[in-house]
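Undergrad: Handing you this structure, nothing more for now.
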Amino acid sequence: QVQLVESGGGLVQAGGSLRLSCAAAGRTFSPFGMGWFRQAPGAEREFVGRITWSGGVTNYADSVKGRFTISRDFAKKTMYLQMNSLQPEDTAVYSCAIYTGYNYNNWGQGTQVTVSS
């Protein structure tokens with residue numbers, strides 16, 4: 001069973017940047033892809049973006065396109081979410097998960113991102 005651990009969240013002012021990490025713990029790790037989601041208080045979980053592990057193909061939600069970038073490091077078994085031009089509406093708990101090509105599983109515990117105005 002692969003365990004995912006997010007890190008890198010914190011408090012940032014509007015217009016600032018943060019980089020989140022999602023590290024996989026386990027002997028072997030070769031998923032179809034990985035994804036980022038976020039959930040603001042009182043809201044449903046929202047898709048942020050995903051990346052295919054081998055080809056590095058990315059997809060993003062319209063709300064973050066052009067501001068957020070997903071990448072991965074094979075050797076470190078880690079996926080990253082570079083977030084630029086952050087706005088208060090980006091405030092949420094950000095979680096990562098393994099993408100099977102059909103659904104998402106092995107969710108991490110999440111990391112809090114708070115953007116102040």
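Chain identifiers are assigned as A, B, and so on, following the order in which chains appear in the structure tokens; residues are numbered from 1 within each chain, and ligands are numbered from 1 in order of appearance.
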Just want the 6 Å neighbourhood of A:Gly110, counted on only C-alpha atoms, with same-chain residues fewer than 3 positions away dropped. Output as a VMD selection string.

TA: chain A and resid 6 93 to 95

Undergrad: With N, CA and C atoms retained, write the just-selected residues as a PDB file, in the first residue's frame.

TA:
ATOM      1  N   GLU A   6       1.595  14.952   1.963  1.00  0.00           N
ATOM      2  CA  GLU A   6       1.714  16.304   1.434  1.00  0.00           C
ATOM      3  C   GLU A   6       2.484  17.189   2.410  1.00  0.00           C
ATOM      4  N   VAL A  93      -7.680  23.201   1.967  1.00  0.00           N
ATOM      5  CA  VAL A  93      -6.802  22.076   2.257  1.00  0.00           C
ATOM      6  C   VAL A  93      -6.522  21.373   0.939  1.00  0.00           C
ATOM      7  N   TYR A  94      -5.246  21.247   0.614  1.00  0.00           N
ATOM      8  CA  TYR A  94      -4.835  20.629  -0.638  1.00  0.00           C
ATOM      9  C   TYR A  94      -4.388  19.190  -0.374  1.00  0.00           C
ATOM     10  N   SER A  95      -4.946  18.271  -1.169  1.00  0.00           N
ATOM     11  CA  SER A  95      -4.633  16.854  -1.011  1.00  0.00           C
ATOM     12  C   SER A  95      -4.193  16.265  -2.333  1.00  0.00           C
TER      13      SER A  95
END

Undergrad: Near A:Asp90, within 7 Å and counting only C-alpha atoms, which residues show up once chain neighbours fewer than 3 positions away are dropped, as an MDAnalysis selection string?

TA: chainID A and resid 86:87 115

Undergrad: Kindly export the residues of the current selection with N, CA and C atoms, as a tab-separated table (two decimals), in the first residue's frame.

TA:
chain	number	residue	atom	x	y	z
A	86	LEU	N	-1.24	33.63	-6.07
A	86	LEU	CA	-2.29	33.09	-5.20
A	86	LEU	C	-3.28	34.17	-4.79
A	87	GLN	N	-4.53	33.75	-4.69
A	87	GLN	CA	-5.62	34.64	-4.31
A	87	GLN	C	-6.35	34.07	-3.10
A	115	VAL	N	-4.45	32.02	2.02
A	115	VAL	CA	-4.02	33.21	1.31
A	115	VAL	C	-4.75	34.41	1.90

Undergrad: When you look at A:Arg38 with a cut-off of 10 Å (counting only C-alpha atoms), what residues show up, excluding the ones that are within fewer than 4 positions of it in the same chain? I need them as a list of chain:residue names.

TA: A:Ala43, A:Glu44, A:Arg45, A:Glu46, A:Phe47, A:Val48, A:Gly49, A:Asp90, A:Thr91, A:Ala92, A:Val93, A:Tyr94, A:Ser95, A:Cys96, A:Gly110, A:Thr111, A:Gln112, A:Val113

Undergrad: Name all residues at most 12 Å from A:Ser85 (count only C-alpha atoms; drop same-chain ones fewer than 4 positions away) and give them as a count of residues only.

TA: 19

Undergrad: Ranking A:Gln3, A:Leu11, A:Gln82, A:Asn105 by minimum distance to A:Phe29 and counting only C-alpha atoms, which one comes first?

TA: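 Of the candidates, the smallest distance to A:Phe29 is held by A:Gln3.
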
Undergrad: Which is closest to A:Gly26 among A:Lys76, A:Tyr104, A:Asp62, A:Ile70, if we use only C-alpha atoms?

TA: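 Residue with the minimum atom-to-atom distance to A:Gly26: A:Lys76.
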
Undergrad: If you measure from atom CA of A:Cys22 to atom CA of A:Thr100, what distance in Å do you get, rounded to one decimal?

TA: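 That distance, rounded to one decimal, is 16.4 Å.
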
Undergrad: Near A:Ser21, counting only C-alpha atoms, which residues have an atom at most 7 Å away, once you skip same-chain residues fewer than 4 positions from it, shown as a list in words?

TA: Glu6, Ser7, Gly8, Thr78, Met79, Tyr80 and Leu81 of chain A

Undergrad: Restrict the selected residues to C-alpha atoms and save them as a tab-separated table (two decimals), in the first residue's frame.

TA:
chain	number	residue	atom	x	y	z
A	6	GLU	CA	1.71	16.30	1.43
A	7	SER	CA	3.83	19.19	2.68
A	8	GLY	CA	4.59	22.81	1.87
A	78	THR	CA	7.29	13.09	-5.49
A	79	MET	CA	4.74	15.26	-7.25
A	80	TYR	CA	4.83	19.04	-6.91
A	81	LEU	CA	2.28	21.81	-7.21

Undergrad: Using only C-alpha atoms, determine which residues lie at most 6 Å from A:Leu4, disregarding the query and same-chain residues fewer than 2 positions distant; provide the list as a PyMOL selection string.

TA: chain A and resi 23-24+108

Undergrad: Give me, as number ranges by chain, the residues of chain A that a backbone DSSP run labels strand (DSSP E or B).

TA: A: 3-7, 10-13, 18-25, 33-39, 46-52, 58-60, 68-73, 78-83, 92-99, 104-105, 111-116

Undergrad: Let me make sure I understand: among A:Tyr102, A:Pro88, A:Gly42, A:Gly33, which one has the smallest atom-to-atom distance to A:Ser71 if we use only C-alpha atoms?

TA: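 Of A:Tyr102, A:Pro88, A:Gly42, A:Gly33, the one nearest A:Ser71 is A:Gly33, counting only C-alpha atoms.
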
Undergrad: Quick one: residues within 10 Å of A:Gly101, only C-alpha atoms counted, chain neighbours fewer than 3 positions away excluded, as a PDB file with C-alpha atoms, in the first residue's frame?

TA:
ATOM      1  CA  PRO A  31       1.184   4.916 -10.958  1.00  0.00           C
ATOM      2  CA  PHE A  32      -0.690   5.882 -14.087  1.00  0.00           C
ATOM      3  CA  GLY A  33      -0.787   9.396 -12.694  1.00  0.00           C
ATOM      4  CA  MET A  34      -1.286  11.590  -9.674  1.00  0.00           C
ATOM      5  CA  THR A  52       0.582  11.246 -15.896  1.00  0.00           C
ATOM      6  CA  ILE A  98      -3.025   8.412  -7.111  1.00  0.00           C
ATOM      7  CA  TYR A 104      -8.407   8.443  -7.495  1.00  0.00           C
TER       8      TYR A 104
END

Undergrad: Looking at A:Thr28, A:Pro41, A:Ser116, A:Asn59, which one is nearest to A:Phe74, with distances taken over only C-alpha atoms?

TA: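 Among A:Thr28, A:Pro41, A:Ser116, A:Asn59, it is A:Thr28 that comes nearest to A:Phe74.
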